[in-house]
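Notes for the one structure printed next.
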Amino acid sequence: MRDLSRCVIHPAVSHEGFASIGVPTYRASTILFDDAKSYTNRKYRGPDGYTYGLHGTPTTRTLEAQLTALEGGERTVIVPSGQAAITIVFLAILLPGDHVLIPDTAYPPCRGFCENYLKPRGVEYTVYDPLIGAGIDALVKPNTKLIWMESPGSTTMEFQDVPAIVKVAKERGGILTGCDNTWATPLLFKPLAHGVDFSSEALSKYVGGHSDLLMGSISVKDVALFRRLKDTMRMIGIGVSPDDCGLALRGLETMGVRMRHADAVATAFARRLVELPAVERVLHPSLPTCPGHEVWKRDFTGASGVFSVVLKAPANAVIEEAFGVLKTFAIGASWGGTRSLIVPMAIKADRVATDWTDEGVILRISVGMEDPDDLWADLAALFAALAVPVLGG
Ligand SMILES: *Cc1c(COP(=O)(O)O)cnc(C)c1O
């Protein structure tokens, strides 16, 4: 072998006697075949086999297998974002003339996808009250092919009666169900165990856990559905970087302790916030005032660190100024990382199937890993500033 070839062709070294705890990052576009025949027959390797880097490397497969085990499924596909974990399901299932039901509390870009992408292509959608439960039966049409859920609802924390909705879909026949499980992660709720066909996660949140990664997953029990998802991804031409999968695998290792910590701190904060004068309502599942509290107690094994506070309307006037007191909380979208975040959310204009009557702004809080006393000092100062107009000061 001459030097120029030596530069290109890596020597094979032994893996014998080497074992690391971390999962190696295997990057690849090209995947090599032993002979011309195995190359020619590569499509018979199926969606689990290795054929081309876009469709996965051992790093991707490790993350898929780990999530499959946590979700209690048969297969998982990894996609480039949590939003893609929603849209790939819709694209795999819905054809022109079909109908999909989505909750009024769906992650807002989900509704945007239905309105601006699916509708012009002949797929109808109806937005439903997330607390509808078995009443969803009245909204099912002959062409309904998918009922989408998100529990709890983004920002407003409605916990959906997933088993009741799944029962309707199964009784009607020919209707698949999917649930965006990002808030709970499979540690707190397992949609597939309740008969849901697609469990989708934004891995960008708790699994990544460090606010530096964008990824999603879809887990299923039915291998035929897995094939449809994989086919859709192959046709569109999307896959996920093995480097990012490596980050997700690392994040997953600490997810349990991070979430348990966030739950304890957020639950304690929620109870204290209820008492403050600027606060109209606290939307945290441990409080009986949270919509779907009974469902949460029945179906979930805990809470994550994300919850919301509805302000009394007069506080709206001073929000921008009041946020200036924050020292530890950061202001930014997304959540589930080590850094605690708080953002003001206006949701009224998003509602079409339910009335949102509160005039006060909603503050969405994600509890991270900083010292809880520093965090509480921030919240105490913030809510004191927000209380000034409420108390008529
Ligand atoms: C953040 C989020 C998504 C989208 O995830 P991205 O990776 O940011 O696209 C989807 N659903 C829910 C419930 C989310 O919170």
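Chain labels follow the order of the structure tokens: the first chain is A, the next B, and so on; residue numbering restarts at 1 in every chain, and ligands are counted from 1 in their shown order.
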Each residue of chain A lying at most 7 Å from ligand 1 should get a row with its shortest atom-to-atom pair and the distance in Å to one decimal, counting only C-alpha atoms and all ligand atoms; could you produce that, ordered by chain and increasing number, as a Markdown table?
| residue | atom | partner | partner_atom_place_in_ligand_line | distance |
| --- | --- | --- | --- | --- |
| A:Ser81 | CA | ligand 1 | 7 (O) | 3.7 |
| A:Gly82 | CA | ligand 1 | 5 (O) | 3.2 |
| A:Gln83 | CA | ligand 1 | 9 (O) | 3.8 |
| A:Ala84 | CA | ligand 1 | 9 (O) | 6.5 |
| A:Tyr107 | CA | ligand 1 | 11 (N) | 5.2 |
| A:Glu150 | CA | ligand 1 | 13 (C) | 6.7 |
| A:Ser154 | CA | ligand 1 | 13 (C) | 5.7 |
| A:Asp180 | CA | ligand 1 | 13 (C) | 5.9 |
| A:Asn181 | CA | ligand 1 | 13 (C) | 6.8 |
| A:Thr182 | CA | ligand 1 | 13 (C) | 5.0 |
| A:Trp183 | CA | ligand 1 | 13 (C) | 6.2 |
| A:Glu201 | CA | ligand 1 | 11 (N) | 6.9 |
| A:Ala202 | CA | ligand 1 | 5 (O) | 4.5 |
| A:Leu203 | CA | ligand 1 | 7 (O) | 6.5 |
| A:Ser204 | CA | ligand 1 | 7 (O) | 4.8 |
| A:Lys205 | CA | ligand 1 | 1 (C) | 6.6 |
| A:Leu214 | CA | ligand 1 | 7 (O) | 4.8 |
| A:Met215 | CA | ligand 1 | 7 (O) | 5.2 |
| A:Gly216 | CA | ligand 1 | 7 (O) | 5.9 |
| A:Ser334 | CA | ligand 1 | 1 (C) | 5.5 |
Atoms kept (all heavy atoms) for selection, written as a compact mmCIF listing (two decimals), in the first residue's frame:
# COMPACT_ATOMS: atom_id res chain seq x y z
N SER A 81 -36.36 16.37 15.26
CA SER A 81 -36.90 17.31 16.25
C SER A 81 -38.17 16.73 16.84
O SER A 81 -38.75 15.77 16.30
CB SER A 81 -37.22 18.66 15.59
OG SER A 81 -38.32 18.53 14.69
N GLY A 82 -38.63 17.33 17.92
CA GLY A 82 -39.92 16.93 18.50
C GLY A 82 -41.06 17.24 17.55
O GLY A 82 -42.04 16.49 17.47
N GLN A 83 -40.96 18.33 16.83
CA GLN A 83 -41.99 18.66 15.85
C GLN A 83 -42.04 17.59 14.76
O GLN A 83 -43.12 17.17 14.34
CB GLN A 83 -41.72 20.06 15.26
CG GLN A 83 -42.56 20.44 14.05
CD GLN A 83 -44.04 20.67 14.35
OE1 GLN A 83 -44.51 20.47 15.47
NE2 GLN A 83 -44.78 21.07 13.34
N ALA A 84 -40.87 17.12 14.32
CA ALA A 84 -40.84 16.05 13.31
C ALA A 84 -41.43 14.75 13.85
O ALA A 84 -41.98 13.95 13.09
CB ALA A 84 -39.42 15.82 12.81
N TYR A 107 -49.11 21.27 20.94
CA TYR A 107 -47.92 22.09 20.68
C TYR A 107 -48.22 22.96 19.45
O TYR A 107 -48.56 22.42 18.38
CB TYR A 107 -46.76 21.13 20.44
CG TYR A 107 -45.45 21.76 20.07
CD1 TYR A 107 -44.76 22.58 20.97
CD2 TYR A 107 -44.87 21.52 18.82
CE1 TYR A 107 -43.56 23.14 20.62
CE2 TYR A 107 -43.66 22.08 18.48
CZ TYR A 107 -43.00 22.90 19.38
OH TYR A 107 -41.81 23.46 19.04
N GLU A 150 -52.05 15.15 23.39
CA GLU A 150 -50.84 15.66 24.04
C GLU A 150 -51.23 15.82 25.50
O GLU A 150 -52.13 16.60 25.83
CB GLU A 150 -50.41 17.00 23.43
CG GLU A 150 -49.15 17.55 24.07
CD GLU A 150 -48.70 18.87 23.46
OE1 GLU A 150 -48.80 19.04 22.24
OE2 GLU A 150 -48.26 19.75 24.24
N SER A 154 -49.75 21.57 26.16
CA SER A 154 -48.67 22.57 26.22
C SER A 154 -49.14 23.81 26.98
O SER A 154 -50.18 24.37 26.67
CB SER A 154 -48.24 22.96 24.81
OG SER A 154 -47.21 22.12 24.35
N ASP A 180 -48.32 12.87 22.18
CA ASP A 180 -47.08 13.60 22.45
C ASP A 180 -46.83 13.50 23.95
O ASP A 180 -47.57 14.07 24.76
CB ASP A 180 -47.25 15.05 21.99
CG ASP A 180 -45.95 15.85 22.10
OD1 ASP A 180 -45.13 15.54 22.98
OD2 ASP A 180 -45.80 16.81 21.33
N ASN A 181 -45.79 12.75 24.31
CA ASN A 181 -45.53 12.41 25.72
C ASN A 181 -44.33 13.19 26.28
O ASN A 181 -43.68 12.76 27.22
CB ASN A 181 -45.27 10.90 25.80
CG ASN A 181 -45.34 10.35 27.21
OD1 ASN A 181 -46.23 10.71 27.99
ND2 ASN A 181 -44.40 9.49 27.57
N THR A 182 -44.02 14.33 25.67
CA THR A 182 -42.78 15.04 26.00
C THR A 182 -42.71 15.48 27.46
O THR A 182 -41.67 15.38 28.10
CB THR A 182 -42.64 16.28 25.08
OG1 THR A 182 -42.61 15.82 23.73
CG2 THR A 182 -41.39 17.06 25.37
N TRP A 183 -43.82 15.99 28.00
CA TRP A 183 -43.79 16.48 29.38
C TRP A 183 -43.45 15.36 30.36
O TRP A 183 -42.64 15.53 31.27
CB TRP A 183 -45.14 17.12 29.74
CG TRP A 183 -45.22 17.65 31.14
CD1 TRP A 183 -44.88 18.89 31.57
CD2 TRP A 183 -45.68 16.95 32.31
NE1 TRP A 183 -45.08 19.01 32.93
CE2 TRP A 183 -45.57 17.83 33.41
CE3 TRP A 183 -46.16 15.65 32.54
CZ2 TRP A 183 -45.94 17.47 34.71
CZ3 TRP A 183 -46.52 15.28 33.83
CH2 TRP A 183 -46.41 16.19 34.90
N GLU A 201 -41.96 11.76 21.42
CA GLU A 201 -41.23 12.52 22.43
C GLU A 201 -40.37 13.58 21.74
O GLU A 201 -39.75 13.28 20.72
CB GLU A 201 -40.25 11.63 23.22
CG GLU A 201 -40.81 10.33 23.75
CD GLU A 201 -41.58 10.47 25.05
OE1 GLU A 201 -41.54 11.58 25.65
OE2 GLU A 201 -42.23 9.50 25.46
N ALA A 202 -40.32 14.78 22.33
CA ALA A 202 -39.29 15.73 21.94
C ALA A 202 -38.09 15.41 22.84
O ALA A 202 -38.06 15.79 24.02
CB ALA A 202 -39.77 17.17 22.14
N LEU A 203 -37.10 14.71 22.30
CA LEU A 203 -35.91 14.36 23.08
C LEU A 203 -35.09 15.60 23.40
O LEU A 203 -34.20 15.58 24.24
CB LEU A 203 -35.05 13.34 22.31
CG LEU A 203 -35.75 12.06 21.83
CD1 LEU A 203 -34.76 11.17 21.09
CD2 LEU A 203 -36.36 11.29 23.00
N SER A 204 -35.41 16.70 22.68
CA SER A 204 -34.77 18.00 22.94
C SER A 204 -34.96 18.44 24.39
O SER A 204 -34.20 19.27 24.89
CB SER A 204 -35.39 19.08 22.05
OG SER A 204 -35.60 18.61 20.75
N LYS A 205 -35.98 17.93 25.06
CA LYS A 205 -36.31 18.38 26.41
C LYS A 205 -35.58 17.52 27.45
O LYS A 205 -34.38 17.63 27.59
CB LYS A 205 -37.82 18.37 26.60
CG LYS A 205 -38.59 19.12 25.49
CD LYS A 205 -38.46 20.62 25.62
CE LYS A 205 -38.99 21.40 24.42
NZ LYS A 205 -40.35 21.13 24.01
N LEU A 214 -31.41 18.98 19.47
CA LEU A 214 -32.76 18.90 18.90
C LEU A 214 -32.97 17.51 18.34
O LEU A 214 -32.21 17.06 17.49
CB LEU A 214 -32.93 19.96 17.81
CG LEU A 214 -32.99 21.38 18.37
CD1 LEU A 214 -32.59 22.40 17.34
CD2 LEU A 214 -34.37 21.68 18.95
N MET A 215 -33.99 16.82 18.82
CA MET A 215 -34.25 15.46 18.36
C MET A 215 -35.62 15.02 18.84
O MET A 215 -36.14 15.54 19.83
CB MET A 215 -33.18 14.53 18.96
CG MET A 215 -33.01 13.23 18.20
SD MET A 215 -31.82 12.17 19.02
CE MET A 215 -30.33 13.07 18.69
N GLY A 216 -36.21 14.06 18.13
CA GLY A 216 -37.49 13.50 18.55
C GLY A 216 -37.49 12.00 18.35
O GLY A 216 -36.59 11.44 17.72
N SER A 334 -38.29 26.39 25.03
CA SER A 334 -37.88 25.01 25.29
C SER A 334 -37.71 24.85 26.80
O SER A 334 -37.83 25.81 27.56
CB SER A 334 -36.63 24.62 24.53
OG SER A 334 -36.59 23.21 24.40
Contacts of region 65-110 of chain A with region 343-356 of chain A up to 8 Å, shortest pair per row, only C-alpha atoms, as JSON lines:
{"residue": "A:Asp104", "atom": "CA", "partner": "A:Ala353", "partner_atom": "CA", "distance": 6.0}
{"residue": "A:Thr105", "atom": "CA", "partner": "A:Arg351", "partner_atom": "CA", "distance": 7.8}
{"residue": "A:Pro108", "atom": "CA", "partner": "A:Asp350", "partner_atom": "CA", "distance": 7.7}
Practice problem: Fewer than 2 positions away in the same chain doesn't count, so skip those; otherwise give me all residues within 8 Å of region 142-148 of chain A, counting only C-alpha atoms, as an NGL selection string. | Solution: :A and (90 or 93-94 or 97-103 or 140 or 150 or 169 or 174-180)
Using only C-alpha atoms for the distances, tell me which of A:Arg27, A:Lys167, A:Lys43, A:Arg75 is nearest to Asp222 (chain A).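 Closest to Asp222 (chain A) of all the choices is A:Arg75.
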| field | Counting only C-alpha atoms, the option among A:Phe329, A:Trp376, A:Phe159, A:Phe113 closest to Ile132 (chain A) | value |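 Smallest distance to Ile132 (chain A) is found for A:Phe159.
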Could you pull out all residues of region 224-377 of chain A with a DSSP call of strand (DSSP E or B) and give them as a list in words?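 Across region 224-377 of chain A, those assigned strand (DSSP E or B) are Val279, Glu280, Arg281, Val282, Leu283, Val306, Phe307, Ser308, Val309, Val310, Leu311, Ala330, Leu341, Ile342, Val343, Pro344, Met345, Ile362, Leu363, Arg364, Ile365 and Ser366 of chain A.
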Could you write those residues out with N, CA and C atoms, as a tab-separated table (two decimals), in the first residue's frame?
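See again.tsv below for the written result:
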chain	number	residue	atom	x	y	z
A	279	VAL	N	-51.03	35.86	42.05
A	279	VAL	CA	-51.34	34.58	41.38
A	279	VAL	C	-52.83	34.30	41.36
A	280	GLU	N	-53.36	34.07	40.16
A	280	GLU	CA	-54.76	33.67	40.01
A	280	GLU	C	-54.88	32.16	40.25
A	281	ARG	N	-54.08	31.37	39.54
A	281	ARG	CA	-54.13	29.92	39.64
A	281	ARG	C	-52.77	29.35	39.33
A	282	VAL	N	-52.46	28.22	39.96
A	282	VAL	CA	-51.23	27.49	39.62
A	282	VAL	C	-51.65	26.20	38.93
A	283	LEU	N	-51.09	25.99	37.73
A	283	LEU	CA	-51.44	24.79	36.96
A	283	LEU	C	-50.33	23.76	37.14
A	306	VAL	N	-42.00	21.04	34.89
A	306	VAL	CA	-42.59	22.12	34.09
A	306	VAL	C	-44.03	22.34	34.52
A	307	PHE	N	-44.35	23.57	34.88
A	307	PHE	CA	-45.73	23.90	35.26
A	307	PHE	C	-45.96	25.38	34.96
A	308	SER	N	-47.21	25.81	35.14
A	308	SER	CA	-47.55	27.18	34.76
A	308	SER	C	-48.28	27.91	35.88
A	309	VAL	N	-48.19	29.22	35.83
A	309	VAL	CA	-48.88	30.07	36.79
A	309	VAL	C	-49.70	31.09	36.01
A	310	VAL	N	-50.99	31.17	36.31
A	310	VAL	CA	-51.84	32.19	35.67
A	310	VAL	C	-51.83	33.41	36.59
A	311	LEU	N	-51.46	34.55	36.02
A	311	LEU	CA	-51.40	35.77	36.83
A	311	LEU	C	-52.77	36.43	36.93
A	330	ALA	N	-33.44	31.90	33.76
A	330	ALA	CA	-33.19	32.50	32.46
A	330	ALA	C	-34.50	32.57	31.68
A	341	LEU	N	-35.89	27.90	33.55
A	341	LEU	CA	-36.40	28.88	32.59
A	341	LEU	C	-37.77	29.37	33.00
A	342	ILE	N	-38.06	30.59	32.62
A	342	ILE	CA	-39.41	31.14	32.82
A	342	ILE	C	-39.74	32.03	31.62
A	343	VAL	N	-40.96	31.88	31.12
A	343	VAL	CA	-41.39	32.73	29.99
A	343	VAL	C	-42.86	33.12	30.15
A	344	PRO	N	-43.21	34.34	29.72
A	344	PRO	CA	-44.63	34.71	29.67
A	344	PRO	C	-45.24	34.15	28.39
A	345	MET	N	-46.43	33.56	28.50
A	345	MET	CA	-47.08	32.94	27.34
A	345	MET	C	-48.47	33.53	27.17
A	362	ILE	N	-49.94	33.92	31.32
A	362	ILE	CA	-49.46	32.67	31.92
A	362	ILE	C	-47.93	32.70	31.95
A	363	LEU	N	-47.37	32.35	33.10
A	363	LEU	CA	-45.91	32.19	33.16
A	363	LEU	C	-45.62	30.70	33.19
A	364	ARG	N	-44.82	30.24	32.22
A	364	ARG	CA	-44.44	28.82	32.21
A	364	ARG	C	-43.05	28.69	32.82
A	365	ILE	N	-42.97	27.80	33.80
A	365	ILE	CA	-41.74	27.64	34.56
A	365	ILE	C	-41.18	26.24	34.32
A	366	SER	N	-39.87	26.15	34.06
A	366	SER	CA	-39.19	24.86	34.00
A	366	SER	C	-38.10	24.87	35.06
| query | Contacts of region 293-300 of chain A at 6 Å or less, counting only C-alpha atoms, minus same-chain residues fewer than 4 places along, as a VMD selection string? | reply | chain A and resid 188 to 189 285 288
Would you please extract all helix (DSSP H, G or I) residues from region 106-213 of chain A, as assigned by DSSP on the backbone, and give them as a ChimeraX atom specification? /A:108-121,133-139,162-172,185-188,191-194
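Here CA of Arg339 (chain A) and CA of Met369 (chain A) stand 6.3 Å from one another.
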